[in-house]
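Asks: Submitted below is the structure of interest, expressed as structure tokens.
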Amino acid sequence: MSTGRRLTRLATCVRAPNAGPMTLDGTNTYVVRAPGSPRVVVVDPGPLDEGHLAEIERFGTVELILLTHGHHDHSDAVAQLAAKTGAVARAVDERWCIGGDPLRGGDVVAAAGAEIEVVATPGHTSDSVCFVLPGDAGPDQGAGSCPSILTGDTILGRGTTVIAHPDGSLSNYLSSIERLRRLGRLHVLPAHGPALPDLAAICEIYLAHRRDKLELVRSVISGRRADPGDVDLVQRVIAAAYTHAPEGVLPAARASVRAQLEYLALEG
């Protein structure tokens, strides 16, 4: 469990003690509040860990819990934190909502003295969203500073994200990254890995990476039908495209390959 580290005017990062192949250094929980506010918004409370929750609560009265998506390394602590604090919990998937309505793209949430804009970004999962903090400034808070965006697993601080097929969709993901790219320069606060200085720039890198991967998959299937259910084909693509992947991330690699094959099948 890490102590909180203030990254921007509005956002403090508390890293959960769940480092691993899929979580990098651990899940970044964000505590959002305006300076001087006694109340806080908690984004992605993370795994169920008492020390982690205690550190989150140290920053103020939890008014609202928001989820970028429902994967367990982000959501396992939602029910307990809501029960302890009486906070409302909101997510796209109503199964994670406690005392509040499901989130929708375009929603504007006001809490803890801050304004939070919801951007629908399906792809990693069907329920993925990002949160823009238009009133934020960071990290230097000077004249060249910019607002921030909490990207969940849609954009990571290191590497690229898995497309969690069949719930996740590469077609949706590419559309979401393009949507984020059009938002311009925002300070990126991801759910795993370090913060990044420029949303638009990292989106360009992500789009180029996905295009390169798709070209590699096209070359591997070499005229065969792109069938995400073809186990042999999936293994052939993994052997060509994920040669250095550790054993622990191979299930995620298989999910991403199936998403790529589904994309190519729909493309025709």
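By convention in this document, the chains of the structure tokens carry letters A, B, ... by their order, each chain's residues are numbered from 1, and ligands are numbered from 1 in the order they are shown.
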Report as JSON, numbers by chain all protein, DNA and RNA residues lying within 10 Å of segment 52-61 of chain A, evaluated on only C-alpha atoms, omitting residues in the same chain fewer than 6 positions from it.

Replies: {"A": [1, 2, 3, 4, 12, 13, 14, 15, 16, 17, 29, 30, 31, 32, 33, 37, 38, 39, 40, 41, 42, 45, 46, 77, 80, 81, 84, 85, 86, 87, 112]}

Asks: Considering only C-alpha atoms, return as a list in words whatever protein or nucleic-acid residues lie within 9 Å of segment 204-206 of chain A, sequence-local ones (same chain, fewer than 5 positions apart) excluded.

Replies: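 That gives Ile155, Thr160, Leu174, Ile177, Glu178, Arg181, Leu199 and Arg211 of chain A.
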
Asks: For a test of reading the model, state the distance in Å between atom CA of Ser222 of chain A and atom CA of Ser171 of chain A, rounded to one decimal.

Replies: 21.1 Å

Asks: Extract, using only C-alpha atoms, all DNA, RNA and protein residues at most 12 Å from Gly20 of chain A, discarding same-chain residues fewer than 2 positions from it, and format them as a list in words.

Replies: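 Counting only the stated atoms, we get Ala16, Pro17, Asn18, Met22, Thr23, Leu24, Asp25, Gly26, Thr27, Asp73, His192, Gly193, Pro246, Gly248 and Val249 of chain A.
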
Asks: Need the shell around Leu250 of chain A: protein/DNA/RNA residues with any atom at most 12 Å away, counting only C-alpha atoms. Skip same-chain ones fewer than 2 positions apart. Format as a ChimeraX atom specification?

Replies: /A:21-22,162,234-235,237-239,241-248,252-257

Asks: Which is closest to Arg6 of chain A among A:Ala120, A:Leu189, A:Leu64, A:Val231, if we use only C-alpha atoms?

Replies: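 Among A:Ala120, A:Leu189, A:Leu64, A:Val231, it is A:Leu189 that comes nearest to Arg6 of chain A.
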
Asks: Restricting the calculation to only C-alpha atoms: of A:Gly123, A:Pro47, A:Gly36, A:Gly99, which residue gets closest to Asp76 of chain A?

Replies: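 Smallest distance to Asp76 of chain A is found for A:Pro47.
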
Asks: Can you tell me, as a ChimeraX atom specification, what residues are no more than 12 Å from Gly100 of chain A when counting only C-alpha atoms, ignoring any on the same chain fewer than 3 positions away?

Replies: /A:63-66,82,86-97,103,109

Asks: Please produce a file of those selected residues containing N, CA and C atoms, as a PDB file, in the first residue's frame.

Replies:
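The result, stored in again_14.pdb:
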```
ATOM      1  N   GLU A  63     -17.628  11.190  -0.593  1.00  0.00           N
ATOM      2  CA  GLU A  63     -18.959  11.609  -1.041  1.00  0.00           C
ATOM      3  C   GLU A  63     -19.468  10.748  -2.187  1.00  0.00           C
ATOM      4  N   LEU A  64     -18.552  10.320  -3.055  1.00  0.00           N
ATOM      5  CA  LEU A  64     -18.944   9.645  -4.287  1.00  0.00           C
ATOM      6  C   LEU A  64     -17.843   8.680  -4.704  1.00  0.00           C
ATOM      7  N   ILE A  65     -18.253   7.517  -5.198  1.00  0.00           N
ATOM      8  CA  ILE A  65     -17.329   6.527  -5.765  1.00  0.00           C
ATOM      9  C   ILE A  65     -17.670   6.378  -7.245  1.00  0.00           C
ATOM     10  N   LEU A  66     -16.665   6.486  -8.104  1.00  0.00           N
ATOM     11  CA  LEU A  66     -16.850   6.318  -9.545  1.00  0.00           C
ATOM     12  C   LEU A  66     -15.964   5.183 -10.041  1.00  0.00           C
ATOM     13  N   ALA A  82     -18.447   1.915   0.144  1.00  0.00           N
ATOM     14  CA  ALA A  82     -19.756   2.570   0.186  1.00  0.00           C
ATOM     15  C   ALA A  82     -20.457   2.301   1.522  1.00  0.00           C
ATOM     16  N   GLY A  86     -21.082   5.544   3.497  1.00  0.00           N
ATOM     17  CA  GLY A  86     -22.382   6.023   3.053  1.00  0.00           C
ATOM     18  C   GLY A  86     -22.346   6.698   1.699  1.00  0.00           C
ATOM     19  N   ALA A  87     -21.220   6.557   0.976  1.00  0.00           N
ATOM     20  CA  ALA A  87     -21.073   7.222  -0.320  1.00  0.00           C
ATOM     21  C   ALA A  87     -21.933   6.553  -1.381  1.00  0.00           C
ATOM     22  N   VAL A  88     -22.357   7.336  -2.341  1.00  0.00           N
ATOM     23  CA  VAL A  88     -23.015   6.839  -3.545  1.00  0.00           C
ATOM     24  C   VAL A  88     -21.938   6.266  -4.468  1.00  0.00           C
ATOM     25  N   ALA A  89     -22.250   5.170  -5.149  1.00  0.00           N
ATOM     26  CA  ALA A  89     -21.340   4.589  -6.135  1.00  0.00           C
ATOM     27  C   ALA A  89     -22.007   4.584  -7.501  1.00  0.00           C
ATOM     28  N   ARG A  90     -21.249   5.005  -8.529  1.00  0.00           N
ATOM     29  CA  ARG A  90     -21.795   5.055  -9.888  1.00  0.00           C
ATOM     30  C   ARG A  90     -20.812   4.457 -10.883  1.00  0.00           C
ATOM     31  N   ALA A  91     -21.361   3.766 -11.853  1.00  0.00           N
ATOM     32  CA  ALA A  91     -20.602   3.140 -12.926  1.00  0.00           C
ATOM     33  C   ALA A  91     -21.527   3.007 -14.127  1.00  0.00           C
ATOM     34  N   VAL A  92     -20.973   2.637 -15.272  1.00  0.00           N
ATOM     35  CA  VAL A  92     -21.824   2.370 -16.436  1.00  0.00           C
ATOM     36  C   VAL A  92     -22.717   1.167 -16.171  1.00  0.00           C
ATOM     37  N   ASP A  93     -22.120   0.114 -15.638  1.00  0.00           N
ATOM     38  CA  ASP A  93     -22.854  -1.115 -15.333  1.00  0.00           C
ATOM     39  C   ASP A  93     -23.611  -0.930 -14.020  1.00  0.00           C
ATOM     40  N   GLU A  94     -24.929  -1.036 -14.086  1.00  0.00           N
ATOM     41  CA  GLU A  94     -25.754  -0.774 -12.897  1.00  0.00           C
ATOM     42  C   GLU A  94     -25.474  -1.748 -11.763  1.00  0.00           C
ATOM     43  N   ARG A  95     -24.828  -2.878 -12.050  1.00  0.00           N
ATOM     44  CA  ARG A  95     -24.505  -3.831 -10.987  1.00  0.00           C
ATOM     45  C   ARG A  95     -23.550  -3.238  -9.959  1.00  0.00           C
ATOM     46  N   TRP A  96     -22.798  -2.220 -10.353  1.00  0.00           N
ATOM     47  CA  TRP A  96     -21.847  -1.593  -9.435  1.00  0.00           C
ATOM     48  C   TRP A  96     -22.409  -0.325  -8.798  1.00  0.00           C
ATOM     49  N   CYS A  97     -23.619   0.070  -9.181  1.00  0.00           N
ATOM     50  CA  CYS A  97     -24.201   1.303  -8.659  1.00  0.00           C
ATOM     51  C   CYS A  97     -24.838   1.060  -7.295  1.00  0.00           C
ATOM     52  N   LEU A 103     -23.795   5.635 -15.061  1.00  0.00           N
ATOM     53  CA  LEU A 103     -23.143   6.699 -15.801  1.00  0.00           C
ATOM     54  C   LEU A 103     -23.416   6.548 -17.296  1.00  0.00           C
ATOM     55  N   VAL A 109     -20.708  15.361 -13.626  1.00  0.00           N
ATOM     56  CA  VAL A 109     -20.909  15.066 -12.218  1.00  0.00           C
ATOM     57  C   VAL A 109     -20.216  16.147 -11.398  1.00  0.00           C
TER      58      VAL A 109
END
```

Asks: Pick out the closest residue to His71 of chain A from this set: A:Ala240, A:Asp44, A:Ala110, A:Asp230. Count only C-alpha atoms.

Replies: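 For His71 of chain A, the nearest of the given residues is A:Asp44.
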
Asks: Considering only strand (DSSP E) as DSSP defines it on the backbone, what residues of segment 3-156 of chain A qualify? List them as a VMD selection string.

Replies: chain A and resid 5 to 6 11 to 15 28 to 32 39 to 43 61 to 66 88 to 90 108 to 111 114 to 120 129 to 138 146 to 152

Asks: What would the file look like if the residues just selected were written as an mmCIF file, in the first residue's frame with C-alpha atoms?

Replies:
```
data_model
loop_
_atom_site.group_PDB
_atom_site.id
_atom_site.type_symbol
_atom_site.label_atom_id
_atom_site.label_comp_id
_atom_site.auth_asym_id
_atom_site.auth_seq_id
_atom_site.Cartn_x
_atom_site.Cartn_y
_atom_site.Cartn_z
ATOM 1 C CA ARG A 5 0.777 11.326 -4.005
ATOM 2 C CA ARG A 6 -0.779 14.518 -5.288
ATOM 3 C CA ALA A 11 -6.143 14.532 -8.139
ATOM 4 C CA THR A 12 -4.139 12.463 -5.667
ATOM 5 C CA CYS A 13 -3.033 8.933 -6.535
ATOM 6 C CA VAL A 14 -3.118 6.119 -3.960
ATOM 7 C CA ARG A 15 -1.600 2.957 -5.430
ATOM 8 C CA ASN A 28 -4.018 3.604 -9.190
ATOM 9 C CA THR A 29 -6.953 4.790 -7.105
ATOM 10 C CA TYR A 30 -7.583 8.521 -7.513
ATOM 11 C CA VAL A 31 -8.897 10.806 -4.812
ATOM 12 C CA VAL A 32 -10.424 13.898 -6.423
ATOM 13 C CA ARG A 39 -15.270 15.795 0.821
ATOM 14 C CA VAL A 40 -13.676 13.602 -1.833
ATOM 15 C CA VAL A 41 -14.546 11.549 -4.898
ATOM 16 C CA VAL A 42 -12.849 8.152 -5.132
ATOM 17 C CA VAL A 43 -12.243 6.797 -8.632
ATOM 18 C CA THR A 61 -15.257 12.238 3.743
ATOM 19 C CA VAL A 62 -16.002 10.026 0.746
ATOM 20 C CA GLU A 63 -18.959 11.609 -1.041
ATOM 21 C CA LEU A 64 -18.944 9.645 -4.287
ATOM 22 C CA ILE A 65 -17.329 6.527 -5.765
ATOM 23 C CA LEU A 66 -16.850 6.318 -9.545
ATOM 24 C CA VAL A 88 -23.015 6.839 -3.545
ATOM 25 C CA ALA A 89 -21.340 4.589 -6.135
ATOM 26 C CA ARG A 90 -21.795 5.055 -9.888
ATOM 27 C CA VAL A 108 -21.332 15.965 -15.880
ATOM 28 C CA VAL A 109 -20.909 15.066 -12.218
ATOM 29 C CA ALA A 110 -20.354 17.721 -9.555
ATOM 30 C CA ALA A 111 -18.912 16.551 -6.233
ATOM 31 C CA ALA A 114 -14.956 19.510 -8.633
ATOM 32 C CA GLU A 115 -16.647 19.022 -11.996
ATOM 33 C CA ILE A 116 -16.171 15.638 -13.666
ATOM 34 C CA GLU A 117 -17.137 14.974 -17.291
ATOM 35 C CA VAL A 118 -17.885 11.394 -18.353
ATOM 36 C CA VAL A 119 -16.513 10.238 -21.720
ATOM 37 C CA ALA A 120 -17.789 6.894 -23.029
ATOM 38 C CA VAL A 129 -15.425 5.290 -19.396
ATOM 39 C CA CYS A 130 -12.898 8.056 -18.818
ATOM 40 C CA PHE A 131 -13.309 11.088 -16.568
ATOM 41 C CA VAL A 132 -12.197 14.582 -17.603
ATOM 42 C CA LEU A 133 -11.423 17.122 -14.878
ATOM 43 C CA PRO A 134 -11.854 20.404 -16.815
ATOM 44 C CA GLY A 135 -10.995 22.529 -13.779
ATOM 45 C CA ASP A 136 -7.752 20.713 -13.105
ATOM 46 C CA ALA A 137 -4.208 21.947 -13.602
ATOM 47 C CA GLY A 138 -1.085 19.936 -13.392
ATOM 48 C CA CYS A 146 -3.701 21.699 -18.834
ATOM 49 C CA PRO A 147 -6.746 19.853 -17.500
ATOM 50 C CA SER A 148 -6.492 16.138 -16.773
ATOM 51 C CA ILE A 149 -8.264 12.922 -17.710
ATOM 52 C CA LEU A 150 -8.568 9.698 -15.720
ATOM 53 C CA THR A 151 -8.350 6.961 -18.333
ATOM 54 C CA GLY A 152 -8.840 3.734 -16.370
#
```

Asks: Output as an NGL selection string all residues of segment 131-245 of chain A that backbone DSSP marks as alpha helix (DSSP H).

Replies: :A and (170-181 or 199-221 or 231-241)

Asks: Would you save the residues from that selection as a compact mmCIF listing (two decimals), in the first residue's frame, using N, CA and C atoms?

Replies:
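Everything below was put into part_12.txt:
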```txt
# COMPACT_ATOMS: atom_id res chain seq x y z
N LEU A 170 -12.35 -4.46 -30.41
CA LEU A 170 -11.30 -3.63 -31.00
C LEU A 170 -11.89 -2.50 -31.82
N SER A 171 -12.98 -2.76 -32.52
CA SER A 171 -13.62 -1.71 -33.30
C SER A 171 -14.06 -0.56 -32.39
N ASN A 172 -14.71 -0.90 -31.28
CA ASN A 172 -15.12 0.13 -30.33
C ASN A 172 -13.91 0.83 -29.72
N TYR A 173 -12.86 0.05 -29.45
CA TYR A 173 -11.67 0.62 -28.83
C TYR A 173 -11.02 1.66 -29.74
N LEU A 174 -10.86 1.33 -31.01
CA LEU A 174 -10.26 2.28 -31.94
C LEU A 174 -11.09 3.56 -32.05
N SER A 175 -12.40 3.41 -32.06
CA SER A 175 -13.28 4.59 -32.08
C SER A 175 -13.11 5.42 -30.81
N SER A 176 -12.96 4.74 -29.68
CA SER A 176 -12.78 5.44 -28.41
C SER A 176 -11.45 6.19 -28.36
N ILE A 177 -10.38 5.56 -28.85
CA ILE A 177 -9.09 6.24 -28.86
C ILE A 177 -9.13 7.45 -29.79
N GLU A 178 -9.80 7.33 -30.91
CA GLU A 178 -9.96 8.48 -31.80
C GLU A 178 -10.77 9.58 -31.11
N ARG A 179 -11.81 9.19 -30.37
CA ARG A 179 -12.60 10.18 -29.63
C ARG A 179 -11.72 10.91 -28.61
N LEU A 180 -10.88 10.17 -27.91
CA LEU A 180 -9.98 10.79 -26.94
C LEU A 180 -8.95 11.68 -27.63
N ARG A 181 -8.43 11.24 -28.77
CA ARG A 181 -7.43 12.04 -29.48
C ARG A 181 -7.97 13.43 -29.80
N LEU A 199 -2.46 13.66 -23.82
CA LEU A 199 -3.43 12.67 -24.27
C LEU A 199 -3.39 12.48 -25.78
N ALA A 200 -3.43 13.55 -26.54
CA ALA A 200 -3.48 13.44 -28.00
C ALA A 200 -2.26 12.70 -28.53
N ALA A 201 -1.10 12.99 -27.96
CA ALA A 201 0.14 12.35 -28.44
C ALA A 201 0.12 10.85 -28.15
N ILE A 202 -0.31 10.45 -26.97
CA ILE A 202 -0.33 9.02 -26.65
C ILE A 202 -1.40 8.30 -27.47
N CYS A 203 -2.49 8.98 -27.78
CA CYS A 203 -3.51 8.36 -28.65
C CYS A 203 -2.95 8.08 -30.04
N GLU A 204 -2.14 8.98 -30.57
CA GLU A 204 -1.50 8.74 -31.87
C GLU A 204 -0.61 7.50 -31.81
N ILE A 205 0.12 7.35 -30.73
CA ILE A 205 0.98 6.18 -30.56
C ILE A 205 0.15 4.91 -30.46
N TYR A 206 -0.95 4.97 -29.71
CA TYR A 206 -1.82 3.80 -29.56
C TYR A 206 -2.44 3.40 -30.89
N LEU A 207 -2.89 4.37 -31.66
CA LEU A 207 -3.51 4.05 -32.96
C LEU A 207 -2.49 3.43 -33.90
N ALA A 208 -1.27 3.96 -33.92
CA ALA A 208 -0.23 3.38 -34.78
C ALA A 208 0.11 1.96 -34.34
N HIS A 209 0.17 1.74 -33.03
CA HIS A 209 0.46 0.40 -32.51
C HIS A 209 -0.61 -0.60 -32.95
N ARG A 210 -1.87 -0.21 -32.87
CA ARG A 210 -2.95 -1.13 -33.25
C ARG A 210 -2.94 -1.40 -34.75
N ARG A 211 -2.64 -0.38 -35.54
CA ARG A 211 -2.55 -0.60 -36.98
C ARG A 211 -1.43 -1.58 -37.31
N ASP A 212 -0.29 -1.43 -36.64
CA ASP A 212 0.84 -2.34 -36.88
C ASP A 212 0.48 -3.77 -36.49
N LYS A 213 -0.20 -3.92 -35.35
CA LYS A 213 -0.61 -5.26 -34.91
C LYS A 213 -1.56 -5.91 -35.91
N LEU A 214 -2.49 -5.12 -36.42
CA LEU A 214 -3.44 -5.67 -37.37
C LEU A 214 -2.75 -6.10 -38.66
N GLU A 215 -1.76 -5.33 -39.10
CA GLU A 215 -1.01 -5.72 -40.30
C GLU A 215 -0.27 -7.03 -40.06
N LEU A 216 0.29 -7.19 -38.86
CA LEU A 216 0.98 -8.44 -38.53
C LEU A 216 0.01 -9.62 -38.53
N VAL A 217 -1.16 -9.42 -37.96
CA VAL A 217 -2.16 -10.49 -37.93
C VAL A 217 -2.59 -10.85 -39.34
N ARG A 218 -2.80 -9.85 -40.20
CA ARG A 218 -3.16 -10.12 -41.59
C ARG A 218 -2.11 -10.99 -42.27
N SER A 219 -0.84 -10.69 -42.00
CA SER A 219 0.22 -11.46 -42.64
C SER A 219 0.27 -12.89 -42.12
N VAL A 220 -0.07 -13.09 -40.84
CA VAL A 220 -0.03 -14.43 -40.25
C VAL A 220 -1.17 -15.29 -40.79
N ILE A 221 -2.38 -14.72 -40.89
CA ILE A 221 -3.52 -15.54 -41.31
C ILE A 221 -3.45 -15.84 -42.81
N VAL A 231 -8.90 -21.96 -32.62
CA VAL A 231 -7.85 -22.05 -31.59
C VAL A 231 -6.47 -22.12 -32.21
N ASP A 232 -6.33 -22.90 -33.27
CA ASP A 232 -5.03 -23.03 -33.93
C ASP A 232 -4.57 -21.70 -34.51
N LEU A 233 -5.48 -20.95 -35.10
CA LEU A 233 -5.14 -19.66 -35.67
C LEU A 233 -4.73 -18.67 -34.57
N VAL A 234 -5.46 -18.68 -33.47
CA VAL A 234 -5.12 -17.81 -32.34
C VAL A 234 -3.70 -18.10 -31.86
N GLN A 235 -3.35 -19.38 -31.74
CA GLN A 235 -2.01 -19.75 -31.28
C GLN A 235 -0.94 -19.32 -32.30
N ARG A 236 -1.24 -19.43 -33.58
CA ARG A 236 -0.29 -18.99 -34.60
C ARG A 236 -0.02 -17.50 -34.50
N VAL A 237 -1.06 -16.73 -34.27
CA VAL A 237 -0.88 -15.28 -34.14
C VAL A 237 -0.08 -14.95 -32.88
N ILE A 238 -0.39 -15.62 -31.77
CA ILE A 238 0.36 -15.38 -30.54
C ILE A 238 1.84 -15.69 -30.73
N ALA A 239 2.12 -16.79 -31.41
CA ALA A 239 3.52 -17.18 -31.64
C ALA A 239 4.27 -16.13 -32.46
N ALA A 240 3.55 -15.45 -33.34
CA ALA A 240 4.20 -14.44 -34.20
C ALA A 240 4.22 -13.06 -33.57
N ALA A 241 3.16 -12.72 -32.84
CA ALA A 241 2.99 -11.33 -32.39
C ALA A 241 3.33 -11.11 -30.92
```

Asks: Pick the closest to His165 of chain A from A:Asp198, A:Glu267, A:Glu262, A:Glu50: which is it, counting only C-alpha atoms?

Replies: A:Glu262

Asks: Quick one: distance from atom CA of Thr125 of chain A to atom CA of Gly159 of chain A in Å, one decimal?

Replies: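 For atom CA of Thr125 of chain A relative to atom CA of Gly159 of chain A, the distance reads 17.4 Å.
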